[in-house]
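Next comes model-v4.tsv, with TSV, C-alpha atoms and all ligand atoms.
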chain	number	residue	atom	x	y	z
A	242	MET	CA	-114.82	6.28	-227.53
A	243	ARG	CA	-116.30	9.53	-226.28
A	244	ARG	CA	-119.26	7.64	-224.75
A	245	ARG	CA	-116.89	5.34	-222.90
A	246	THR	CA	-115.01	8.30	-221.50
A	247	LEU	CA	-118.18	9.97	-220.24
A	248	LEU	CA	-119.43	6.73	-218.77
A	249	GLY	CA	-116.08	6.20	-217.13
A	250	CYS	CA	-116.23	9.65	-215.58
A	251	LEU	CA	-119.74	8.97	-214.31
A	252	ILE	CA	-118.78	5.67	-212.71
A	253	ALA	CA	-115.67	7.22	-211.20
A	254	GLY	CA	-117.74	10.13	-209.95
A	255	LEU	CA	-120.31	7.92	-208.29
A	256	GLY	CA	-117.58	5.80	-206.76
A	257	PHE	CA	-115.80	8.79	-205.21
A	258	GLY	CA	-118.95	10.74	-204.22
A	259	TRP	CA	-118.50	13.33	-206.98
A	260	ALA	CA	-121.43	15.64	-207.62
A	261	ASP	CA	-121.83	19.12	-209.05
A	262	ASP	CA	-122.93	22.08	-206.91
A	263	GLU	CA	-126.56	21.78	-207.96
A	264	GLN	CA	-126.68	18.11	-207.03
A	265	ILE	CA	-124.94	18.77	-203.70
A	266	TRP	CA	-127.44	21.52	-202.90
A	267	LYS	CA	-130.44	19.35	-203.85
A	268	GLU	CA	-129.20	16.51	-201.67
A	269	TYR	CA	-128.72	18.95	-198.81
A	270	LEU	CA	-132.29	20.29	-199.19
A	271	ALA	CA	-133.66	16.74	-199.20
A	272	TRP	CA	-131.75	15.98	-195.99
A	273	TYR	CA	-132.55	19.35	-194.36
A	274	ARG	CA	-136.33	19.05	-194.67
A	275	GLN	CA	-136.25	15.70	-192.80
A	276	GLN	CA	-134.40	17.06	-189.76
A	277	PRO	CA	-136.08	17.62	-186.42
A	278	ILE	CA	-136.44	21.31	-185.60
A	279	GLY	CA	-134.35	21.09	-182.39
A	280	ILE	CA	-130.94	20.51	-184.07
A	281	SER	CA	-128.73	23.47	-183.21
A	282	ASP	CA	-125.65	22.63	-185.31
A	283	LEU	CA	-126.93	21.55	-188.71
A	284	SER	CA	-123.50	21.69	-190.30
A	285	THR	CA	-122.02	19.10	-187.91
A	286	ALA	CA	-125.12	16.93	-188.25
A	287	TYR	CA	-124.85	17.06	-192.04
A	288	ALA	CA	-121.14	16.19	-191.92
A	289	GLU	CA	-121.99	13.14	-189.79
A	290	HIS	CA	-124.67	12.18	-192.28
A	291	LEU	CA	-122.25	12.42	-195.23
A	292	LYS	CA	-119.63	10.37	-193.36
A	293	SER	CA	-122.25	7.72	-192.64
A	294	LEU	CA	-122.74	7.45	-196.43
A	295	GLY	CA	-119.07	6.49	-196.73
A	296	LEU	CA	-117.73	9.78	-198.15
A	297	ASP	CA	-114.12	10.58	-197.32
A	298	ALA	CA	-113.15	13.58	-195.20
A	299	GLY	CA	-112.07	15.71	-198.19
A	300	THR	CA	-115.32	15.18	-200.05
A	301	VAL	CA	-117.33	15.92	-196.91
A	302	ARG	CA	-115.42	19.19	-196.47
A	303	GLU	CA	-115.97	20.17	-200.11
A	304	ARG	CA	-119.69	19.50	-199.87
A	305	LEU	CA	-120.00	21.49	-196.66
A	306	ASN	CA	-118.24	24.39	-198.39
A	307	VAL	CA	-120.71	24.26	-201.29
A	308	VAL	CA	-123.67	24.13	-198.90
A	309	GLU	CA	-122.31	27.03	-196.86
A	310	ARG	CA	-121.75	29.13	-200.00
A	311	LEU	CA	-125.15	28.40	-201.55
A	312	SER	CA	-126.95	28.89	-198.21
A	313	LYS	CA	-125.92	32.54	-198.43
A	314	THR	CA	-127.41	33.19	-201.87
A	315	ARG	CA	-130.23	30.62	-201.91
A	316	ARG	CA	-131.42	30.79	-198.30
A	317	ALA	CA	-134.99	31.42	-199.49
A	318	GLU	CA	-135.16	27.84	-200.80
A	319	LEU	CA	-134.74	26.60	-197.22
A	320	HIS	CA	-137.64	28.65	-195.81
A	321	PRO	CA	-140.58	26.37	-196.76
A	322	PHE	CA	-138.63	23.39	-195.43
A	323	PHE	CA	-137.86	25.22	-192.20
A	324	PHE	CA	-141.60	25.59	-191.66
A	325	ASP	CA	-142.21	21.98	-192.76
A	326	ARG	CA	-139.80	20.95	-190.00
A	327	THR	CA	-141.63	23.20	-187.53
A	328	TYR	CA	-145.03	21.74	-188.38
A	329	SER	CA	-143.76	18.14	-188.45
A	330	SER	CA	-142.05	18.38	-185.08
A	331	GLY	CA	-145.07	17.22	-183.06
A	332	ALA	CA	-144.17	19.85	-180.43
A	333	PRO	CA	-145.57	23.20	-181.59
A	334	ARG	CA	-143.35	26.18	-180.82
A	335	PHE	CA	-146.18	28.64	-181.22
A	336	ASN	CA	-149.59	29.43	-179.81
A	337	THR	CA	-151.94	26.86	-181.28
A	338	ALA	CA	-155.04	28.79	-180.15
A	339	PRO	CA	-156.43	31.39	-182.56
A	340	ASN	CA	-154.83	34.82	-182.45
A	341	ALA	CA	-156.47	36.90	-179.69
A	342	LEU	CA	-156.65	40.12	-181.77
A	343	LEU	CA	-158.51	38.21	-184.49
A	344	VAL	CA	-160.92	36.63	-182.01
A	345	GLU	CA	-161.68	40.02	-180.52
A	346	THR	CA	-162.04	41.75	-183.89
A	347	VAL	CA	-164.46	39.31	-185.50
A	348	ARG	CA	-166.71	39.12	-182.42
A	349	ASP	CA	-169.00	41.79	-183.86
A	350	LEU	CA	-168.51	41.09	-187.57
A	351	LYS	CA	-170.98	39.37	-189.82
A	352	PRO	CA	-169.24	36.30	-191.33
A	353	GLY	CA	-168.32	36.60	-194.99
A	354	ARG	CA	-165.33	35.63	-197.16
A	355	ALA	CA	-162.02	35.52	-195.33
A	356	LEU	CA	-158.45	35.09	-196.53
A	357	ASP	CA	-155.79	33.76	-194.15
A	358	ILE	CA	-152.41	34.73	-195.62
A	359	HIS	CA	-149.70	32.22	-194.66
A	360	MET	CA	-152.14	30.10	-192.73
A	361	GLY	CA	-149.53	27.71	-191.25
A	362	GLU	CA	-151.40	24.86	-189.55
A	363	GLY	CA	-154.60	26.86	-189.87
A	364	ARG	CA	-155.26	27.83	-186.23
A	365	ASN	CA	-156.93	31.09	-187.39
A	366	ALA	CA	-158.63	29.67	-190.50
A	367	LEU	CA	-160.25	26.89	-188.48
A	368	PHE	CA	-161.46	29.32	-185.86
A	369	LEU	CA	-163.07	31.52	-188.53
A	370	ALA	CA	-164.67	28.54	-190.26
A	371	SER	CA	-166.15	27.44	-186.93
A	372	LYS	CA	-167.76	30.90	-186.69
A	373	GLY	CA	-169.39	30.57	-190.10
A	374	TRP	CA	-166.80	32.32	-192.29
A	375	ASP	CA	-166.09	31.05	-195.81
A	376	VAL	CA	-162.31	30.74	-195.46
A	377	THR	CA	-159.45	30.40	-197.93
A	378	GLY	CA	-155.90	30.11	-196.65
A	379	PHE	CA	-152.56	29.47	-198.27
A	380	ASP	CA	-148.99	28.78	-197.24
A	381	PHE	CA	-145.83	27.51	-198.94
A	382	SER	CA	-145.30	24.85	-196.27
A	383	GLU	CA	-146.77	21.58	-197.53
A	384	ALA	CA	-146.65	20.15	-194.01
A	385	GLY	CA	-148.53	23.18	-192.63
A	386	VAL	CA	-151.30	23.02	-195.22
A	387	ALA	CA	-151.62	19.24	-194.83
A	388	ALA	CA	-151.98	19.70	-191.04
A	389	ALA	CA	-154.61	22.42	-191.59
A	390	LYS	CA	-156.63	20.12	-193.85
A	391	ARG	CA	-156.44	17.27	-191.35
A	392	ALA	CA	-157.49	19.56	-188.49
A	393	ALA	CA	-160.43	20.92	-190.52
A	394	GLU	CA	-161.60	17.39	-191.23
A	395	ARG	CA	-161.32	16.44	-187.56
A	396	ALA	CA	-163.25	19.57	-186.55
A	397	GLY	CA	-165.89	18.98	-189.24
A	398	VAL	CA	-165.40	22.43	-190.80
A	399	SER	CA	-164.67	23.39	-194.38
A	400	VAL	CA	-161.57	25.44	-195.27
A	401	THR	CA	-159.97	25.93	-198.68
A	402	ALA	CA	-156.29	25.35	-197.94
A	403	LEU	CA	-153.73	25.82	-200.72
A	404	VAL	CA	-150.00	25.25	-201.01
A	405	CYS	CA	-148.81	28.47	-202.61
A	406	ARG	CA	-146.20	31.21	-202.25
A	407	HIS	CA	-147.49	34.73	-201.77
A	408	GLU	CA	-145.41	35.72	-204.79
A	409	ASP	CA	-147.73	33.53	-206.92
A	410	PHE	CA	-151.04	33.88	-205.11
A	411	ASP	CA	-153.82	35.70	-206.92
A	412	PHE	CA	-155.29	37.87	-204.17
A	413	GLY	CA	-157.92	39.21	-206.59
A	414	ARG	CA	-159.61	42.61	-206.32
A	415	ALA	CA	-162.41	43.45	-203.86
A	416	GLN	CA	-162.68	39.77	-202.91
A	417	TRP	CA	-162.48	39.52	-199.15
A	418	ASP	CA	-164.52	40.78	-196.20
A	419	LEU	CA	-161.62	39.90	-193.93
A	420	VAL	CA	-157.91	39.42	-194.52
A	421	VAL	CA	-155.81	37.89	-191.73
A	422	MET	CA	-152.08	38.54	-191.54
A	423	SER	CA	-150.97	36.73	-188.41
A	424	TYR	CA	-147.16	36.54	-188.12
A	425	THR	CA	-147.00	36.27	-191.90
A	426	TRP	CA	-143.42	37.09	-192.87
A	427	VAL	CA	-144.84	39.00	-195.85
A	428	PRO	CA	-142.29	41.66	-196.86
A	429	LEU	CA	-143.58	45.13	-196.06
A	430	ARG	CA	-140.74	46.76	-197.95
A	431	GLY	CA	-139.17	46.16	-201.32
A	432	ALA	CA	-142.15	44.49	-203.05
A	433	ASP	CA	-145.74	45.55	-203.52
A	434	TYR	CA	-147.50	42.62	-201.86
A	435	VAL	CA	-149.14	45.06	-199.50
A	436	GLY	CA	-150.69	46.96	-202.43
A	437	ARG	CA	-152.14	43.72	-203.77
A	438	ILE	CA	-153.49	42.79	-200.35
A	439	ILE	CA	-155.18	46.18	-199.91
A	440	GLU	CA	-156.76	45.93	-203.37
A	441	SER	CA	-158.07	42.47	-202.54
A	442	LEU	CA	-160.25	43.76	-199.68
A	443	LYS	CA	-163.89	44.53	-200.43
A	444	PRO	CA	-165.03	48.06	-199.59
A	445	GLY	CA	-165.66	47.93	-195.85
A	446	GLY	CA	-163.46	44.82	-195.60
A	447	ILE	CA	-161.26	44.43	-192.52
A	448	LEU	CA	-157.56	43.65	-192.23
A	449	VAL	CA	-156.21	42.10	-189.03
A	450	PHE	CA	-152.44	42.18	-188.70
A	451	GLU	CA	-150.16	41.06	-185.85
A	452	HIS	CA	-146.41	40.51	-185.92
A	453	MET	CA	-143.23	40.77	-183.95
A	454	MET	CA	-141.51	44.09	-184.68
A	455	ASP	CA	-137.98	45.05	-185.57
A	456	ASP	CA	-136.52	46.31	-182.33
A	457	SER	CA	-132.95	46.71	-183.62
A	458	GLY	CA	-133.35	49.81	-185.75
A	459	SER	CA	-130.88	48.24	-188.16
A	460	PRO	CA	-131.26	49.14	-191.88
A	461	GLY	CA	-130.68	45.45	-192.68
A	462	ALA	CA	-133.63	44.26	-190.58
A	463	ALA	CA	-135.83	41.58	-192.14
A	464	PRO	CA	-138.40	43.25	-194.45
A	465	TRP	CA	-141.28	41.37	-192.84
A	466	LEU	CA	-140.62	42.86	-189.38
A	467	PRO	CA	-142.55	46.13	-189.05
A	468	ARG	CA	-140.60	49.12	-187.77
A	469	PRO	CA	-142.12	51.64	-185.37
A	470	ASN	CA	-145.17	53.30	-187.00
A	471	GLU	CA	-144.39	51.62	-190.32
A	472	LEU	CA	-147.78	49.88	-190.50
A	473	LEU	CA	-149.52	53.24	-190.24
A	474	ARG	CA	-147.74	54.31	-193.41
A	475	VAL	CA	-147.85	50.98	-195.27
A	476	PHE	CA	-151.59	50.57	-194.64
A	477	GLY	CA	-152.25	54.33	-194.69
A	478	ARG	CA	-154.75	53.97	-197.54
A	479	LEU	CA	-157.02	52.07	-195.14
A	480	ARG	CA	-158.89	53.58	-192.22
A	481	ILE	CA	-156.86	52.55	-189.19
A	482	ARG	CA	-159.28	51.40	-186.51
A	483	ARG	CA	-156.69	50.17	-184.04
A	484	TYR	CA	-152.91	50.30	-183.79
A	485	GLU	CA	-150.70	49.07	-180.95
A	486	ASP	CA	-146.96	48.87	-180.42
A	487	VAL	CA	-146.62	46.86	-177.22
A	488	ARG	CA	-144.39	44.47	-175.34
A	489	ALA	CA	-146.26	41.20	-175.16
A	490	ARG	CA	-145.79	37.48	-175.44
A	491	ALA	CA	-145.91	36.96	-179.18
A	492	ASP	CA	-147.84	34.03	-180.62
A	493	TRP	CA	-144.71	32.86	-182.42
A	494	SER	CA	-142.13	33.28	-179.69
A	495	TRP	CA	-141.36	31.95	-176.26
A	496	ARG	CA	-140.53	35.36	-174.84
A	497	GLU	CA	-141.93	38.83	-174.54
A	498	GLU	CA	-141.34	40.75	-177.72
A	499	ARG	CA	-142.21	44.09	-179.21
A	500	VAL	CA	-145.42	43.32	-181.08
A	501	ALA	CA	-147.36	45.40	-183.62
A	502	ARG	CA	-151.12	45.03	-183.90
A	503	LEU	CA	-153.29	46.66	-186.50
A	504	VAL	CA	-156.96	46.53	-187.45
A	505	ALA	CA	-157.86	48.55	-190.53
A	506	GLU	CA	-160.86	48.94	-192.80
A	507	ARG	CA	-161.03	49.54	-196.53
A	508	THR	CA	-162.87	52.82	-196.33
A	509	PRO	CA	-161.59	55.55	-198.63
A	510	VAL	CA	-159.24	57.93	-196.86
A	511	PRO	CA	-159.42	61.47	-198.35
A	512	PRO	CA	-156.42	61.95	-200.70
A	513	ASP	CA	-155.40	65.20	-198.99
A	514	VAL	CA	-154.91	63.23	-195.75
A	515	LEU	CA	-152.53	60.83	-197.55
A	516	ASP	CA	-150.58	63.77	-199.04
A	517	ARG	CA	-149.87	65.38	-195.69
A	601	LIG	C1	-144.67	32.48	-188.32
A	601	LIG	S1	-145.64	31.43	-189.34
A	601	LIG	C2	-147.31	32.00	-189.05
A	601	LIG	C3	-148.36	30.98	-189.42
A	601	LIG	C4	-149.82	31.40	-189.12
A	601	LIG	N1	-150.20	32.58	-189.83
A	601	LIG	C5	-150.01	31.58	-187.63
A	601	LIG	O1	-150.20	32.72	-187.18
A	601	LIG	O2	-149.97	30.57	-186.92
A	601	LIG	C6	-145.25	32.12	-190.93
A	601	LIG	C7	-145.84	31.30	-192.06
A	601	LIG	O3	-145.57	31.97	-193.29
A	601	LIG	C8	-145.32	30.98	-194.29
A	601	LIG	N2	-144.59	31.67	-195.36
A	601	LIG	C9	-143.46	32.43	-195.23
A	601	LIG	N3	-143.09	32.94	-196.41
A	601	LIG	C10	-144.02	32.53	-197.32
A	601	LIG	C11	-144.20	32.75	-198.72
A	601	LIG	N4	-143.33	33.47	-199.43
A	601	LIG	N5	-145.28	32.20	-199.33
A	601	LIG	C12	-146.15	31.43	-198.62
A	601	LIG	N6	-146.03	31.17	-197.29
A	601	LIG	C13	-144.98	31.72	-196.65
A	601	LIG	C14	-144.57	29.90	-193.56
A	601	LIG	O4	-144.62	28.65	-194.17
A	601	LIG	C15	-145.27	29.90	-192.20
A	601	LIG	O5	-146.30	28.95	-192.15
Turn this file's structure into structure tokens for me.
Amino acid sequence: MRRRTLLGCLIAGLGFGWADDEQIWKEYLAWYRQQPIGISDLSTAYAEHLKSLGLDAGTVRERLNVVERLSKTRRAELHPFFFDRTYSSGAPRFNTAPNALLVETVRDLKPGRALDIHMGEGRNALFLASKGWDVTGFDFSEAGVAAAKRAAERAGVSVTALVCRHEDFDFGRAQWDLVVMSYTWVPLRGADYVGRIIESLKPGGILVFEHMMDDSGSPGAAPWLPRPNELLRVFGRLRIRRYEDVRARADWSWREERVARLVAERTPVPPDVLDR
């Protein structure tokens, strides 16, 4: 009897488009990752999609409410798919040439082991590999890493490209002669990824960092946007070889932005300097 009741509920649910919040969210994620990057009003587009599946207006409204609510608390789950959409768009919205600061910095360096944090489509990793570096890169965007692998194959260079979140990546200790952080979105505040990155550099190893900055001064600014002079403090255990806070066309933007650039070396800084 009980089985029949449950089965009845299931059939009724399927018939009327019933689903629990988790299911609704999963279906939204599956839809979201397939959408072209240019869509400005995702909510309307998703409503149209649900209607095209035959759901009635009330059910569509309920599902949109669930998606809106969960998007606030589970936004991070959308991030890899946002970048998948970017890399699958066929029309790159970023500079596809290697980062100029990186090109300039490695000109006089002897190639060694390099790590490209959040490699995206691998524009920097491929450049380094073409210059003789032994390169590992990782990113949580499957589409980005797949594109990087394809590009490496086309270019006839070897790059180790991994799908991984920085939260899970084993940076190791004293592993890398060069670490590249090009528009990485790695939080500079609130989690000690930076400490792990510093530890992963070999003595004498070089860090190259470039990113748009927070220009709002707001306390709620995204943790991956450096604030004025913040990099000098965050990477203060390294010897800062170059630091710039400039207005420039950022690699990941269409407009001029406030951009931070840093080149630093893992050379011990006297502790009394850090204490000051
Ligand atoms: C603005 S893009 C920069 C890509 C590349 N470094 C470049 O300069 O072209 C930021 C990259 O960070 C990746 N990303 C963001 N958060 C991540 C995380 N928690 N773990 C792994 N990758 C992440 C995204 O997938 C995206 O490819």
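Minimum atom-to-atom distances from A:Gly299, A:Pro511, A:Gly363, A:Gly445 to ligand LIG 601 (chain A) were compared using only C-alpha atoms and all ligand atoms, and the lowest value belongs to A:Gly363.
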Find the residues of chain A that sit at most 8 Å from ligand LIG 601 (chain A); for each, write down the nearest two atoms and how far apart they are in Å, to one decimal. Count all atoms listed in the file. Sort by chain, then by number going up, and give it as CSV.
residue,atom,partner,partner_atom,distance
A:His320,CA,A:LIG601,N3,7.0
A:Pro321,CA,A:LIG601,O4,5.3
A:Phe323,CA,A:LIG601,O4,7.8
A:Phe324,CA,A:LIG601,O4,5.0
A:Asp325,CA,A:LIG601,O4,7.2
A:Phe335,CA,A:LIG601,O2,7.1
A:Asn336,CA,A:LIG601,O2,7.2
A:Thr337,CA,A:LIG601,O2,7.0
A:Pro339,CA,A:LIG601,O2,7.8
A:Asn340,CA,A:LIG601,O1,6.9
A:Asp357,CA,A:LIG601,N1,7.2
A:Ile358,CA,A:LIG601,N1,6.6
A:His359,CA,A:LIG601,O3,4.4
A:Met360,CA,A:LIG601,N1,4.3
A:Gly361,CA,A:LIG601,O5,3.6
A:Glu362,CA,A:LIG601,O2,6.4
A:Gly363,CA,A:LIG601,O2,6.6
A:Arg364,CA,A:LIG601,O2,6.0
A:Asn365,CA,A:LIG601,O1,6.9
A:Phe379,CA,A:LIG601,C12,6.7
A:Asp380,CA,A:LIG601,N6,3.8
A:Phe381,CA,A:LIG601,C12,3.9
A:Ser382,CA,A:LIG601,O4,4.4
A:Gly385,CA,A:LIG601,O5,6.2
A:Val404,CA,A:LIG601,C12,7.7
A:Cys405,CA,A:LIG601,C12,5.6
A:Arg406,CA,A:LIG601,N5,3.2
A:His407,CA,A:LIG601,N5,4.2
A:Glu408,CA,A:LIG601,N4,6.2
A:Val421,CA,A:LIG601,N1,8.0
A:Met422,CA,A:LIG601,N1,6.5
A:Ser423,CA,A:LIG601,O1,4.3
A:Tyr424,CA,A:LIG601,C2,4.6
A:Thr425,CA,A:LIG601,C6,4.6
A:Trp426,CA,A:LIG601,C9,5.2
A:Val427,CA,A:LIG601,N3,6.3
A:Asp492,CA,A:LIG601,O1,7.1
A:Trp493,CA,A:LIG601,C1,5.9
Can those selected residues be exported to a file as a short mmCIF file (atom, residue, chain, number, x, y, z; two decimals), keeping the file's coordinate frame so that it contains C-alpha atoms?
data_model
loop_
_atom_site.label_atom_id
_atom_site.label_comp_id
_atom_site.auth_asym_id
_atom_site.auth_seq_id
_atom_site.Cartn_x
_atom_site.Cartn_y
_atom_site.Cartn_z
CA HIS A 320 -137.64 28.65 -195.81
CA PRO A 321 -140.58 26.37 -196.76
CA PHE A 323 -137.86 25.22 -192.20
CA PHE A 324 -141.60 25.59 -191.66
CA ASP A 325 -142.21 21.98 -192.76
CA PHE A 335 -146.18 28.64 -181.22
CA ASN A 336 -149.59 29.43 -179.81
CA THR A 337 -151.94 26.86 -181.28
CA PRO A 339 -156.43 31.39 -182.56
CA ASN A 340 -154.83 34.82 -182.45
CA ASP A 357 -155.79 33.76 -194.15
CA ILE A 358 -152.41 34.73 -195.62
CA HIS A 359 -149.70 32.22 -194.66
CA MET A 360 -152.14 30.10 -192.73
CA GLY A 361 -149.53 27.71 -191.25
CA GLU A 362 -151.40 24.86 -189.55
CA GLY A 363 -154.60 26.86 -189.87
CA ARG A 364 -155.26 27.83 -186.23
CA ASN A 365 -156.93 31.09 -187.39
CA PHE A 379 -152.56 29.47 -198.27
CA ASP A 380 -148.99 28.78 -197.24
CA PHE A 381 -145.83 27.51 -198.94
CA SER A 382 -145.30 24.85 -196.27
CA GLY A 385 -148.53 23.18 -192.63
CA VAL A 404 -150.00 25.25 -201.01
CA CYS A 405 -148.81 28.47 -202.61
CA ARG A 406 -146.20 31.21 -202.25
CA HIS A 407 -147.49 34.73 -201.77
CA GLU A 408 -145.41 35.72 -204.79
CA VAL A 421 -155.81 37.89 -191.73
CA MET A 422 -152.08 38.54 -191.54
CA SER A 423 -150.97 36.73 -188.41
CA TYR A 424 -147.16 36.54 -188.12
CA THR A 425 -147.00 36.27 -191.90
CA TRP A 426 -143.42 37.09 -192.87
CA VAL A 427 -144.84 39.00 -195.85
CA ASP A 492 -147.84 34.03 -180.62
CA TRP A 493 -144.71 32.86 -182.42
#
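Checking A:Arg490, A:Arg480, A:Lys292, A:Arg391 one by one against A:Ala505, counting all atoms listed in the file, you find the shortest gap at A:Arg480.
Between atom CA of A:Leu419 and atom CA of A:Ile447 the separation is 4.8 Å.
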Practice task
Excluding A:Gln276 and residues on its chain fewer than 6 positions from it, collect all residues at most 12 Å away from it, counting only C-alpha atoms, and give them as an NGL selection string.
Solution key: :A and (269-270 or 282-284 or 286-287 or 290 or 322-330)
Exercise for the section: With a distance cut-off of 12 Å and only C-alpha atoms, select the neighbouring residues of A:Thr285, excluding the residue or stretch itself and same-chain residues fewer than 5 positions from it, and output the selection as a VMD selection string. Expected result: chain A and resid 280 290 to 292 301 to 302 305 309
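Distances to A:Val420 were evaluated for A:Val307, A:Leu342, A:Val376, A:Val400 using only C-alpha atoms, and the minimum falls at A:Val376.
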Could you please give me, as a tab-separated table (two decimals) with C-alpha atoms, keeping the file's coordinate frame, the residues of protein, DNA or RNA lying at most 12 Å from (-158.2, 48.4, -199.4) in the coordinate frame of the file, considering all atoms listed in the file?
chain	number	residue	atom	x	y	z
A	412	PHE	CA	-155.29	37.87	-204.17
A	413	GLY	CA	-157.92	39.21	-206.59
A	414	ARG	CA	-159.61	42.61	-206.32
A	415	ALA	CA	-162.41	43.45	-203.86
A	416	GLN	CA	-162.68	39.77	-202.91
A	417	TRP	CA	-162.48	39.52	-199.15
A	418	ASP	CA	-164.52	40.78	-196.20
A	419	LEU	CA	-161.62	39.90	-193.93
A	420	VAL	CA	-157.91	39.42	-194.52
A	435	VAL	CA	-149.14	45.06	-199.50
A	436	GLY	CA	-150.69	46.96	-202.43
A	437	ARG	CA	-152.14	43.72	-203.77
A	438	ILE	CA	-153.49	42.79	-200.35
A	439	ILE	CA	-155.18	46.18	-199.91
A	440	GLU	CA	-156.76	45.93	-203.37
A	441	SER	CA	-158.07	42.47	-202.54
A	442	LEU	CA	-160.25	43.76	-199.68
A	443	LYS	CA	-163.89	44.53	-200.43
A	444	PRO	CA	-165.03	48.06	-199.59
A	445	GLY	CA	-165.66	47.93	-195.85
A	446	GLY	CA	-163.46	44.82	-195.60
A	447	ILE	CA	-161.26	44.43	-192.52
A	448	LEU	CA	-157.56	43.65	-192.23
A	475	VAL	CA	-147.85	50.98	-195.27
A	476	PHE	CA	-151.59	50.57	-194.64
A	477	GLY	CA	-152.25	54.33	-194.69
A	478	ARG	CA	-154.75	53.97	-197.54
A	479	LEU	CA	-157.02	52.07	-195.14
A	480	ARG	CA	-158.89	53.58	-192.22
A	481	ILE	CA	-156.86	52.55	-189.19
A	505	ALA	CA	-157.86	48.55	-190.53
A	506	GLU	CA	-160.86	48.94	-192.80
A	507	ARG	CA	-161.03	49.54	-196.53
A	508	THR	CA	-162.87	52.82	-196.33
A	509	PRO	CA	-161.59	55.55	-198.63
A	510	VAL	CA	-159.24	57.93	-196.86
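Reported to one decimal place, the separation of atom CA of A:Leu472 from atom CA of A:Pro428 is 11.8 Å.
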Completion exercise
Using only C-alpha atoms, the residue out of A:Arg502, A:Arg482, A:Arg496, A:Arg430 with shortest distance to A:Met454 is A:Arg502
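Reported to one decimal place, the separation of atom CA of A:Glu345 from atom CA of A:Arg395 is 24.6 Å.
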Practice task
For a cut-off of 6 Å around (-157.3, 41.2, -186.8), file coordinates, pick out all residues using all atoms listed in the file and list them as a VMD selection string.
Solution key: chain A and resid 342 to 343 346 448 to 450 504
Please save C-alpha atoms of the selected residues as a PDB file, keeping the file's coordinate frame.
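Everything below was put into part_7.pdb:
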ATOM      1  CA  LEU A 342    -156.650  40.120-181.770  1.00  0.00           C
ATOM      2  CA  LEU A 343    -158.510  38.210-184.490  1.00  0.00           C
ATOM      3  CA  THR A 346    -162.040  41.750-183.890  1.00  0.00           C
ATOM      4  CA  LEU A 448    -157.560  43.650-192.230  1.00  0.00           C
ATOM      5  CA  VAL A 449    -156.210  42.100-189.030  1.00  0.00           C
ATOM      6  CA  PHE A 450    -152.440  42.180-188.700  1.00  0.00           C
ATOM      7  CA  VAL A 504    -156.960  46.530-187.450  1.00  0.00           C
TER       8      VAL A 504
END
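Distances here use only C-alpha atoms; by that measure, the residue among A:Lys351, A:Arg488, A:Arg315, A:Arg499 closest to A:Leu466 is A:Arg499.
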Exercise for the section: Within 8 Å of A:Pro467, counting only C-alpha atoms, which residues show up once you throw out same-chain ones fewer than 6 positions away? Write them as a VMD selection string, please. Expected result: chain A and resid 429 452 to 455 501
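Distances to A:Gly279 were evaluated for A:Ala396, A:Val487, A:Ala332, A:Val386 using only C-alpha atoms, and the minimum falls at A:Ala332.
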